[in-house]
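Coordinates as given in my_file-v4.pdb (PDB, C-alpha atoms):
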```pdb
ATOM      1  CA  SER A  65       0.000   0.000   0.000  1.00  0.00           C
ATOM      2  CA  GLN A  66       1.022   3.585  -0.536  1.00  0.00           C
ATOM      3  CA  THR A  67       2.356   5.620   2.352  1.00  0.00           C
ATOM      4  CA  ILE A  68       3.619   9.156   2.621  1.00  0.00           C
ATOM      5  CA  HIS A  69       6.203  10.311   5.131  1.00  0.00           C
ATOM      6  CA  GLN A  70       6.785  13.887   6.122  1.00  0.00           C
ATOM      7  CA  TRP A  71       9.231  15.258   8.657  1.00  0.00           C
ATOM      8  CA  PRO A  72       9.871  16.880  11.011  1.00  0.00           C
ATOM      9  CA  ALA A  73       6.519  17.083  12.761  1.00  0.00           C
ATOM     10  CA  THR A  74       7.366  20.302  14.567  1.00  0.00           C
ATOM     11  CA  LEU A  75       9.965  22.939  13.858  1.00  0.00           C
ATOM     12  CA  VAL A  76      10.831  26.261  15.493  1.00  0.00           C
ATOM     13  CA  GLN A  77      13.202  28.396  13.472  1.00  0.00           C
ATOM     14  CA  PRO A  78      14.504  31.972  13.875  1.00  0.00           C
ATOM     15  CA  VAL A  79      13.773  34.617  11.276  1.00  0.00           C
ATOM     16  CA  GLY A  80      16.374  34.576   8.535  1.00  0.00           C
ATOM     17  CA  SER A  81      17.328  30.936   8.995  1.00  0.00           C
ATOM     18  CA  PRO A  82      17.095  28.346   6.198  1.00  0.00           C
ATOM     19  CA  LEU A  83      14.408  25.699   5.912  1.00  0.00           C
ATOM     20  CA  SER A  84      14.279  22.204   4.505  1.00  0.00           C
ATOM     21  CA  LEU A  85      11.193  20.003   4.789  1.00  0.00           C
ATOM     22  CA  GLU A  86      11.225  16.569   3.245  1.00  0.00           C
ATOM     23  CA  CYS A  87       8.470  14.330   1.979  1.00  0.00           C
ATOM     24  CA  THR A  88       8.754  10.822   0.574  1.00  0.00           C
ATOM     25  CA  VAL A  89       6.176   8.476  -0.875  1.00  0.00           C
ATOM     26  CA  GLU A  90       6.313   4.685  -0.842  1.00  0.00           C
ATOM     27  CA  GLY A  91       4.378   2.095  -2.770  1.00  0.00           C
ATOM     28  CA  THR A  92       3.788   4.016  -5.981  1.00  0.00           C
ATOM     29  CA  SER A  93       5.786   5.314  -8.896  1.00  0.00           C
ATOM     30  CA  ASN A  94       5.607   8.644 -10.702  1.00  0.00           C
ATOM     31  CA  PRO A  95       3.200  10.228  -8.212  1.00  0.00           C
ATOM     32  CA  ASN A  96       2.037  13.792  -8.528  1.00  0.00           C
ATOM     33  CA  LEU A  97       3.323  15.627  -5.467  1.00  0.00           C
ATOM     34  CA  TYR A  98       2.075  18.754  -3.743  1.00  0.00           C
ATOM     35  CA  TRP A  99       3.098  21.150  -0.991  1.00  0.00           C
ATOM     36  CA  TYR A 100       0.289  22.974   0.800  1.00  0.00           C
ATOM     37  CA  ARG A 101       0.296  25.468   3.623  1.00  0.00           C
ATOM     38  CA  GLN A 102      -2.567  25.737   6.062  1.00  0.00           C
ATOM     39  CA  ALA A 103      -2.826  28.886   8.145  1.00  0.00           C
ATOM     40  CA  ALA A 104      -4.972  28.889  11.264  1.00  0.00           C
ATOM     41  CA  GLY A 105      -8.662  29.182  10.360  1.00  0.00           C
ATOM     42  CA  ARG A 106      -7.923  29.301   6.668  1.00  0.00           C
ATOM     43  CA  GLY A 107      -8.081  26.828   3.822  1.00  0.00           C
ATOM     44  CA  LEU A 108      -5.279  24.908   2.231  1.00  0.00           C
ATOM     45  CA  GLN A 109      -3.070  27.043   0.034  1.00  0.00           C
ATOM     46  CA  LEU A 110      -1.298  25.206  -2.773  1.00  0.00           C
ATOM     47  CA  LEU A 111       2.361  26.245  -2.841  1.00  0.00           C
ATOM     48  CA  PHE A 112       3.990  23.883  -5.339  1.00  0.00           C
ATOM     49  CA  TYR A 113       3.133  20.821  -7.350  1.00  0.00           C
ATOM     50  CA  SER A 114       5.231  18.418  -9.360  1.00  0.00           C
ATOM     51  CA  ILE A 115       4.305  15.899 -12.041  1.00  0.00           C
ATOM     52  CA  GLY A 116       7.799  14.445 -12.349  1.00  0.00           C
ATOM     53  CA  ILE A 117      11.476  14.657 -11.410  1.00  0.00           C
ATOM     54  CA  GLY A 118      12.739  18.203 -11.746  1.00  0.00           C
ATOM     55  CA  GLN A 119       9.309  19.484 -12.820  1.00  0.00           C
ATOM     56  CA  ILE A 120       8.024  22.044 -10.344  1.00  0.00           C
ATOM     57  CA  SER A 121       5.152  24.468 -10.733  1.00  0.00           C
ATOM     58  CA  SER A 122       4.831  27.342  -8.313  1.00  0.00           C
ATOM     59  CA  GLU A 123       1.417  28.647  -7.386  1.00  0.00           C
ATOM     60  CA  VAL A 124       2.335  31.474  -5.055  1.00  0.00           C
ATOM     61  CA  PRO A 125       5.365  33.761  -5.468  1.00  0.00           C
ATOM     62  CA  GLN A 126       7.240  33.914  -2.175  1.00  0.00           C
ATOM     63  CA  ASN A 127      10.567  33.111  -0.609  1.00  0.00           C
ATOM     64  CA  LEU A 128       9.931  29.364  -0.658  1.00  0.00           C
ATOM     65  CA  SER A 129      11.127  26.917  -3.293  1.00  0.00           C
ATOM     66  CA  ALA A 130      10.602  23.242  -3.987  1.00  0.00           C
ATOM     67  CA  SER A 131      12.658  20.519  -5.576  1.00  0.00           C
ATOM     68  CA  ARG A 132      12.068  16.944  -6.659  1.00  0.00           C
ATOM     69  CA  PRO A 133      15.446  15.244  -6.861  1.00  0.00           C
ATOM     70  CA  GLN A 134      13.972  11.737  -7.001  1.00  0.00           C
ATOM     71  CA  ASP A 135      10.694  10.273  -8.219  1.00  0.00           C
ATOM     72  CA  ARG A 136       9.219   9.884  -4.753  1.00  0.00           C
ATOM     73  CA  GLN A 137      10.951  12.703  -2.909  1.00  0.00           C
ATOM     74  CA  PHE A 138       9.714  16.276  -2.630  1.00  0.00           C
ATOM     75  CA  ILE A 139      11.563  18.969  -0.702  1.00  0.00           C
ATOM     76  CA  LEU A 140      10.358  22.395   0.425  1.00  0.00           C
ATOM     77  CA  SER A 141      13.091  24.940   1.099  1.00  0.00           C
ATOM     78  CA  SER A 142      13.774  28.509   2.011  1.00  0.00           C
ATOM     79  CA  LYS A 143      17.037  30.405   2.191  1.00  0.00           C
ATOM     80  CA  LYS A 144      15.746  32.939   4.724  1.00  0.00           C
ATOM     81  CA  LEU A 145      12.557  32.425   6.695  1.00  0.00           C
ATOM     82  CA  LEU A 146      10.113  35.225   7.389  1.00  0.00           C
ATOM     83  CA  LEU A 147       7.672  35.466  10.283  1.00  0.00           C
ATOM     84  CA  SER A 148       4.862  35.086   7.753  1.00  0.00           C
ATOM     85  CA  ASP A 149       6.181  31.630   6.807  1.00  0.00           C
ATOM     86  CA  SER A 150       4.795  30.199  10.029  1.00  0.00           C
ATOM     87  CA  GLY A 151       2.064  27.661   9.435  1.00  0.00           C
ATOM     88  CA  PHE A 152       1.187  24.023   8.980  1.00  0.00           C
ATOM     89  CA  TYR A 153       2.881  22.536   5.922  1.00  0.00           C
ATOM     90  CA  LEU A 154       1.401  19.500   4.249  1.00  0.00           C
ATOM     91  CA  CYS A 155       2.798  17.266   1.572  1.00  0.00           C
ATOM     92  CA  ALA A 156       0.369  15.242  -0.554  1.00  0.00           C
ATOM     93  CA  TRP A 157       0.403  12.872  -3.491  1.00  0.00           C
ATOM     94  CA  SER A 158      -2.071  11.692  -6.097  1.00  0.00           C
ATOM     95  CA  GLY A 159      -2.098   9.413  -9.095  1.00  0.00           C
ATOM     96  CA  ASN A 160      -2.473  10.710 -12.627  1.00  0.00           C
ATOM     97  CA  ILE A 161      -6.207  10.262 -12.203  1.00  0.00           C
ATOM     98  CA  ASN A 162      -6.924  12.178  -9.071  1.00  0.00           C
ATOM     99  CA  TYR A 163      -9.311  10.352  -6.829  1.00  0.00           C
ATOM    100  CA  GLY A 164      -8.356  12.619  -4.010  1.00  0.00           C
ATOM    101  CA  TYR A 165      -5.089  13.426  -2.344  1.00  0.00           C
ATOM    102  CA  THR A 166      -3.280  11.458   0.316  1.00  0.00           C
ATOM    103  CA  PHE A 167      -1.711  13.845   2.775  1.00  0.00           C
ATOM    104  CA  GLY A 168       1.255  13.466   5.051  1.00  0.00           C
ATOM    105  CA  SER A 169       0.976  14.153   8.746  1.00  0.00           C
ATOM    106  CA  GLY A 170       2.215  17.715   8.364  1.00  0.00           C
ATOM    107  CA  THR A 171       4.955  19.942   9.782  1.00  0.00           C
ATOM    108  CA  ARG A 172       4.055  22.695  12.211  1.00  0.00           C
ATOM    109  CA  LEU A 173       6.557  25.503  11.513  1.00  0.00           C
ATOM    110  CA  THR A 174       6.898  28.429  13.865  1.00  0.00           C
ATOM    111  CA  VAL A 175       9.227  31.221  12.839  1.00  0.00           C
ATOM    112  CA  VAL A 176      10.333  33.320  15.810  1.00  0.00           C
TER
ATOM    113  CA  GLN B 252     -16.588  36.015  -3.875  1.00  0.00           C
ATOM    114  CA  LYS B 253     -14.399  33.116  -2.811  1.00  0.00           C
ATOM    115  CA  GLU B 254     -14.430  30.049  -5.028  1.00  0.00           C
ATOM    116  CA  VAL B 255     -15.451  27.760  -2.186  1.00  0.00           C
ATOM    117  CA  GLU B 256     -17.180  28.894   0.996  1.00  0.00           C
ATOM    118  CA  GLN B 257     -17.760  26.921   4.134  1.00  0.00           C
ATOM    119  CA  ASP B 258     -19.094  27.932   7.534  1.00  0.00           C
ATOM    120  CA  PRO B 259     -16.088  27.638   9.863  1.00  0.00           C
ATOM    121  CA  GLY B 260     -18.200  26.806  12.907  1.00  0.00           C
ATOM    122  CA  PRO B 261     -17.424  25.645  15.487  1.00  0.00           C
ATOM    123  CA  LEU B 262     -20.360  23.285  15.373  1.00  0.00           C
ATOM    124  CA  SER B 263     -21.164  21.445  18.586  1.00  0.00           C
ATOM    125  CA  VAL B 264     -23.677  18.562  18.680  1.00  0.00           C
ATOM    126  CA  PRO B 265     -24.625  15.840  21.162  1.00  0.00           C
ATOM    127  CA  GLU B 266     -23.575  12.271  20.508  1.00  0.00           C
ATOM    128  CA  GLY B 267     -26.031  10.485  18.232  1.00  0.00           C
ATOM    129  CA  ALA B 268     -27.155  13.626  16.415  1.00  0.00           C
ATOM    130  CA  ILE B 269     -27.329  13.965  12.655  1.00  0.00           C
ATOM    131  CA  VAL B 270     -24.747  16.462  11.440  1.00  0.00           C
ATOM    132  CA  SER B 271     -25.024  18.481   8.252  1.00  0.00           C
ATOM    133  CA  LEU B 272     -21.916  20.143   6.849  1.00  0.00           C
ATOM    134  CA  ASN B 273     -22.154  22.327   3.783  1.00  0.00           C
ATOM    135  CA  CYS B 274     -20.170  24.132   1.126  1.00  0.00           C
ATOM    136  CA  THR B 275     -21.121  26.512  -1.629  1.00  0.00           C
ATOM    137  CA  TYR B 276     -19.046  27.248  -4.678  1.00  0.00           C
ATOM    138  CA  SER B 277     -19.040  29.682  -7.564  1.00  0.00           C
ATOM    139  CA  ASN B 278     -17.279  27.819 -10.399  1.00  0.00           C
ATOM    140  CA  SER B 279     -19.843  25.894 -12.442  1.00  0.00           C
ATOM    141  CA  ALA B 280     -17.009  23.879 -14.030  1.00  0.00           C
ATOM    142  CA  PHE B 281     -16.478  21.905 -10.817  1.00  0.00           C
ATOM    143  CA  GLN B 282     -17.621  18.322 -11.260  1.00  0.00           C
ATOM    144  CA  TYR B 283     -15.558  16.337  -8.754  1.00  0.00           C
ATOM    145  CA  PHE B 284     -16.261  16.821  -5.100  1.00  0.00           C
ATOM    146  CA  MET B 285     -14.458  15.548  -2.042  1.00  0.00           C
ATOM    147  CA  TRP B 286     -14.801  15.676   1.708  1.00  0.00           C
ATOM    148  CA  TYR B 287     -11.780  15.406   3.969  1.00  0.00           C
ATOM    149  CA  ARG B 288     -11.614  14.946   7.710  1.00  0.00           C
ATOM    150  CA  GLN B 289      -8.734  16.518   9.612  1.00  0.00           C
ATOM    151  CA  TYR B 290      -7.960  15.741  13.219  1.00  0.00           C
ATOM    152  CA  SER B 291      -6.025  18.263  15.239  1.00  0.00           C
ATOM    153  CA  ARG B 292      -2.347  18.473  14.235  1.00  0.00           C
ATOM    154  CA  LYS B 293      -2.811  15.848  11.521  1.00  0.00           C
ATOM    155  CA  GLY B 294      -3.064  15.913   7.747  1.00  0.00           C
ATOM    156  CA  PRO B 295      -6.502  15.696   6.113  1.00  0.00           C
ATOM    157  CA  GLU B 296      -7.778  12.247   5.150  1.00  0.00           C
ATOM    158  CA  LEU B 297     -10.168  11.600   2.297  1.00  0.00           C
ATOM    159  CA  LEU B 298     -13.670  10.622   3.421  1.00  0.00           C
ATOM    160  CA  MET B 299     -15.806  10.789   0.293  1.00  0.00           C
ATOM    161  CA  TYR B 300     -15.281  11.341  -3.419  1.00  0.00           C
ATOM    162  CA  THR B 301     -18.235  12.045  -5.687  1.00  0.00           C
ATOM    163  CA  TYR B 302     -18.776  12.983  -9.282  1.00  0.00           C
ATOM    164  CA  SER B 303     -21.437  15.401 -10.543  1.00  0.00           C
ATOM    165  CA  SER B 304     -24.824  15.622  -8.855  1.00  0.00           C
ATOM    166  CA  GLY B 305     -26.478  13.064  -6.628  1.00  0.00           C
ATOM    167  CA  ASN B 306     -25.892  11.208  -3.398  1.00  0.00           C
ATOM    168  CA  LYS B 307     -23.215   8.795  -2.266  1.00  0.00           C
ATOM    169  CA  GLU B 308     -23.392   6.816   0.942  1.00  0.00           C
ATOM    170  CA  ASP B 309     -20.592   5.180   2.922  1.00  0.00           C
ATOM    171  CA  GLY B 310     -21.561   3.834   6.307  1.00  0.00           C
ATOM    172  CA  ARG B 311     -22.717   6.714   8.497  1.00  0.00           C
ATOM    173  CA  PHE B 312     -21.616   9.287   5.918  1.00  0.00           C
ATOM    174  CA  THR B 313     -23.645  10.600   2.977  1.00  0.00           C
ATOM    175  CA  ALA B 314     -22.320  13.098   0.462  1.00  0.00           C
ATOM    176  CA  GLN B 315     -24.816  15.089  -1.547  1.00  0.00           C
ATOM    177  CA  VAL B 316     -24.135  17.322  -4.546  1.00  0.00           C
ATOM    178  CA  ASP B 317     -26.572  19.806  -6.061  1.00  0.00           C
ATOM    179  CA  LYS B 318     -24.805  21.323  -9.037  1.00  0.00           C
ATOM    180  CA  SER B 319     -27.776  23.465 -10.006  1.00  0.00           C
ATOM    181  CA  SER B 320     -27.479  25.288  -6.673  1.00  0.00           C
ATOM    182  CA  LYS B 321     -23.680  24.955  -6.476  1.00  0.00           C
ATOM    183  CA  TYR B 322     -24.108  23.389  -3.057  1.00  0.00           C
ATOM    184  CA  ILE B 323     -22.654  20.257  -1.519  1.00  0.00           C
ATOM    185  CA  SER B 324     -23.334  18.603   1.800  1.00  0.00           C
ATOM    186  CA  LEU B 325     -21.924  15.921   4.044  1.00  0.00           C
ATOM    187  CA  PHE B 326     -24.314  14.227   6.455  1.00  0.00           C
ATOM    188  CA  ILE B 327     -23.090  12.233   9.427  1.00  0.00           C
ATOM    189  CA  ARG B 328     -25.635   9.946  11.068  1.00  0.00           C
ATOM    190  CA  ASP B 329     -25.380   8.745  14.657  1.00  0.00           C
ATOM    191  CA  SER B 330     -22.462  11.090  15.286  1.00  0.00           C
ATOM    192  CA  GLN B 331     -19.731   9.865  17.617  1.00  0.00           C
ATOM    193  CA  PRO B 332     -17.137  11.722  19.711  1.00  0.00           C
ATOM    194  CA  SER B 333     -14.537  10.278  17.330  1.00  0.00           C
ATOM    195  CA  ASP B 334     -16.143  12.350  14.562  1.00  0.00           C
ATOM    196  CA  SER B 335     -14.880  15.505  16.290  1.00  0.00           C
ATOM    197  CA  ALA B 336     -12.569  17.049  13.711  1.00  0.00           C
ATOM    198  CA  THR B 337     -12.414  19.718  11.041  1.00  0.00           C
ATOM    199  CA  TYR B 338     -14.180  18.803   7.801  1.00  0.00           C
ATOM    200  CA  LEU B 339     -12.888  20.255   4.545  1.00  0.00           C
ATOM    201  CA  CYS B 340     -14.749  20.207   1.280  1.00  0.00           C
ATOM    202  CA  ALA B 341     -12.738  20.187  -1.931  1.00  0.00           C
ATOM    203  CA  MET B 342     -13.577  20.260  -5.609  1.00  0.00           C
ATOM    204  CA  SER B 343     -12.076  20.298  -9.074  1.00  0.00           C
ATOM    205  CA  ALA B 344     -13.153  20.579 -12.686  1.00  0.00           C
ATOM    206  CA  SER B 345     -11.635  17.296 -13.805  1.00  0.00           C
ATOM    207  CA  PRO B 346     -10.075  14.215 -12.243  1.00  0.00           C
ATOM    208  CA  THR B 347      -6.656  14.724 -13.783  1.00  0.00           C
ATOM    209  CA  SER B 348      -4.061  16.015 -11.455  1.00  0.00           C
ATOM    210  CA  TYR B 349      -3.222  18.912 -13.703  1.00  0.00           C
ATOM    211  CA  ASP B 350      -6.342  20.695 -12.636  1.00  0.00           C
ATOM    212  CA  LYS B 351      -6.363  22.432  -9.347  1.00  0.00           C
ATOM    213  CA  VAL B 352      -8.236  21.110  -6.380  1.00  0.00           C
ATOM    214  CA  ILE B 353      -9.781  23.959  -4.422  1.00  0.00           C
ATOM    215  CA  PHE B 354     -10.350  23.457  -0.714  1.00  0.00           C
ATOM    216  CA  GLY B 355     -12.844  25.137   1.549  1.00  0.00           C
ATOM    217  CA  PRO B 356     -11.545  26.584   4.849  1.00  0.00           C
ATOM    218  CA  GLY B 357     -13.123  23.779   6.878  1.00  0.00           C
ATOM    219  CA  THR B 358     -15.840  23.428   9.515  1.00  0.00           C
ATOM    220  CA  SER B 359     -14.832  22.490  13.040  1.00  0.00           C
ATOM    221  CA  LEU B 360     -17.131  19.862  14.559  1.00  0.00           C
ATOM    222  CA  SER B 361     -17.332  18.761  18.188  1.00  0.00           C
ATOM    223  CA  VAL B 362     -19.493  15.800  19.160  1.00  0.00           C
ATOM    224  CA  ILE B 363     -20.221  15.914  22.876  1.00  0.00           C
ATOM    225  CA  PRO B 364     -20.636  12.570  24.711  1.00  0.00           C
TER
END
```
Could you spell out this file's structure in structure tokens?
Amino acid sequence: SQTIHQWPATLVQPVGSPLSLECTVEGTSNPNLYWYRQAAGRGLQLLFYSIGIGQISSEVPQNLSASRPQDRQFILSSKKLLLSDSGFYLCAWSGNINYGYTFGSGTRLTVV
Amino acid sequence: QKEVEQDPGPLSVPEGAIVSLNCTYSNSAFQYFMWYRQYSRKGPELLMYTYSSGNKEDGRFTAQVDKSSKYISLFIRDSQPSDSATYLCAMSASPTSYDKVIFGPGTSLSVIP
């Protein structure tokens, strides 16, 4: 069966520090991968999605970036965090026919 | 007008009650509708997936879509304390992953024993 791993679960980082969040998927090949951010009381905001290795589409211009170095690995990065980057970050995957996303357990990021 | 609107709640009901959760949307191109359940500090999990108008039932859960009114609902029968969570509706125009899935902000539900 397919599983998705996301880590770390919780992260507290100072303003201006770098960020690297990792997501890996098991049990499927060539998944479509997504990074979402969920702010308190707000909906899910799509940040990046990828349909293949090295193929990244950005939905929201900001100081975050994403990379897909391997088929089942998706990384969210920042060179310098801002206070506004705080939030709950979720990785998700779907097949080419999207019968709904499978989400990871999320990373709670607090920038201080 | 937001693409997908959902009453944020919180909604509090006694155990055993029938719960009705709703979303409205503005994009008539949406044809695929989903409901996710999200427990605190966890990622959302898919509950129901429906296509076009009509009803779909899965155990205590029933999803209902009325495309003419641009209105979808999730009914929970015999609600349990374990149903306490945030419920997100989501929708897209096609099932291929190249089309965006738009999420509602979620409704927080508490089922009181």
**Prompt:** Near segment 277-288 of chain B, within 10 Å and counting only C-alpha atoms, which residues show up once chain neighbours fewer than 5 positions away are dropped, as a ChimeraX atom specification?
**Reply:** /A:162-165 /B:252-256,272,293-304,314-316,318-325,334-346,352-355,357-359
**Item:** Within 7 Å of segment 81-85 of chain A using all atoms listed in the file, minus same-chain residues under 2 positions, as a VMD selection string
**Value:** chain A and resid 71 77 to 79 87 139 to 145
**d(atom CA of Asp317 of chain B, atom CA of Gln257 of chain B) in Å** = 15.2 Å
**Item:** Non-local contacts of Pro72 of chain A (8 Å; only C-alpha atoms; under 2 positions in same chain excluded) as a list of chain:residue names
**Value:** A:Gln70, A:Thr74, A:Leu75, A:Leu85, A:Glu86, A:Thr171
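Atom CA of Pro133 of chain A to atom CA of Ser93 of chain A spans 14.0 Å [interatomic distance, one decimal].
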**Request:** Apply the PyMOL selection byres ((chain B and resi 312) around 8) to the structure shown and report the selected residues as a ChimeraX atom specification.
**Result:** /B:308-311,313-314,325-328
**Request:** Write out as a ChimeraX atom specification every residue belonging to chain A that has an atom at most 10 Å from any atom of chain B, counting only C-alpha atoms.
**Result:** /A:73-74,95-97,102-110,113-115,152-172
Would you save the residues of that selection, restricted to C-alpha atoms, as a short mmCIF file (atom, residue, chain, number, x, y, z; two decimals), in the frame of the given file?
```cif
data_model
loop_
_atom_site.label_atom_id
_atom_site.label_comp_id
_atom_site.auth_asym_id
_atom_site.auth_seq_id
_atom_site.Cartn_x
_atom_site.Cartn_y
_atom_site.Cartn_z
CA ALA A 73 6.52 17.08 12.76
CA THR A 74 7.37 20.30 14.57
CA PRO A 95 3.20 10.23 -8.21
CA ASN A 96 2.04 13.79 -8.53
CA LEU A 97 3.32 15.63 -5.47
CA GLN A 102 -2.57 25.74 6.06
CA ALA A 103 -2.83 28.89 8.14
CA ALA A 104 -4.97 28.89 11.26
CA GLY A 105 -8.66 29.18 10.36
CA ARG A 106 -7.92 29.30 6.67
CA GLY A 107 -8.08 26.83 3.82
CA LEU A 108 -5.28 24.91 2.23
CA GLN A 109 -3.07 27.04 0.03
CA LEU A 110 -1.30 25.21 -2.77
CA TYR A 113 3.13 20.82 -7.35
CA SER A 114 5.23 18.42 -9.36
CA ILE A 115 4.30 15.90 -12.04
CA PHE A 152 1.19 24.02 8.98
CA TYR A 153 2.88 22.54 5.92
CA LEU A 154 1.40 19.50 4.25
CA CYS A 155 2.80 17.27 1.57
CA ALA A 156 0.37 15.24 -0.55
CA TRP A 157 0.40 12.87 -3.49
CA SER A 158 -2.07 11.69 -6.10
CA GLY A 159 -2.10 9.41 -9.10
CA ASN A 160 -2.47 10.71 -12.63
CA ILE A 161 -6.21 10.26 -12.20
CA ASN A 162 -6.92 12.18 -9.07
CA TYR A 163 -9.31 10.35 -6.83
CA GLY A 164 -8.36 12.62 -4.01
CA TYR A 165 -5.09 13.43 -2.34
CA THR A 166 -3.28 11.46 0.32
CA PHE A 167 -1.71 13.84 2.78
CA GLY A 168 1.25 13.47 5.05
CA SER A 169 0.98 14.15 8.75
CA GLY A 170 2.22 17.72 8.36
CA THR A 171 4.96 19.94 9.78
CA ARG A 172 4.06 22.70 12.21
#
```
I need the output of the PyMOL selection byres ((chain B and resi 265) around 12) for this file as a short mmCIF file (atom, residue, chain, number, x, y, z; two decimals) with C-alpha atoms, in the frame of the given file; which residues are they?
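Writing the result to part.cif gives the following:
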```
data_model
loop_
_atom_site.label_atom_id
_atom_site.label_comp_id
_atom_site.auth_asym_id
_atom_site.auth_seq_id
_atom_site.Cartn_x
_atom_site.Cartn_y
_atom_site.Cartn_z
CA LEU B 262 -20.36 23.28 15.37
CA SER B 263 -21.16 21.44 18.59
CA VAL B 264 -23.68 18.56 18.68
CA GLU B 266 -23.58 12.27 20.51
CA GLY B 267 -26.03 10.48 18.23
CA ALA B 268 -27.16 13.63 16.42
CA ILE B 269 -27.33 13.96 12.66
CA VAL B 270 -24.75 16.46 11.44
CA ARG B 328 -25.64 9.95 11.07
CA ASP B 329 -25.38 8.74 14.66
CA SER B 330 -22.46 11.09 15.29
CA GLN B 331 -19.73 9.86 17.62
CA PRO B 332 -17.14 11.72 19.71
CA ASP B 334 -16.14 12.35 14.56
CA SER B 335 -14.88 15.50 16.29
CA LEU B 360 -17.13 19.86 14.56
CA SER B 361 -17.33 18.76 18.19
CA VAL B 362 -19.49 15.80 19.16
CA ILE B 363 -20.22 15.91 22.88
CA PRO B 364 -20.64 12.57 24.71
#
```
**Asked** Rounded to one decimal in Å, what is the spacing between atom CA of Ser150 of chain A and atom CA of Leu128 of chain A?
**Response** 11.9 Å
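For the choices A:Val124, A:Leu146, A:Leu173, A:Val89, the atom-to-atom distance to Ser65 of chain A is smallest for A:Val89 when using only C-alpha atoms.
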**Prompt:** Which residues fall under the PyMOL selection byres ((chain A and resi 67) around 7) in this file, as a VMD selection string?
**Reply:** chain A and resid 65 to 66 68 to 69 89 to 91
**Neighbour residues at most 9 Å from (9.9, 6.6, -16.1) (only C-alpha atoms) as a list in words** = Ser93, Asn94, Gly116 and Asp135 of chain A
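Considering all atoms listed in the file, the residue among A:Leu147, A:Val175, A:Ala130, A:Val76 positioned nearest to Phe112 of chain A is A:Ala130.
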Draw an axis-aligned box tight on the listed atoms of segment 133-146 of chain A, then pad every side by 5 Å and write out centre and edge lengths in Å to one decimal as JSON.
```
{"center_x": 13.1, "center_y": 22.6, "center_z": -0.4, "size_x": 17.8, "size_y": 35.3, "size_z": 25.6}
```
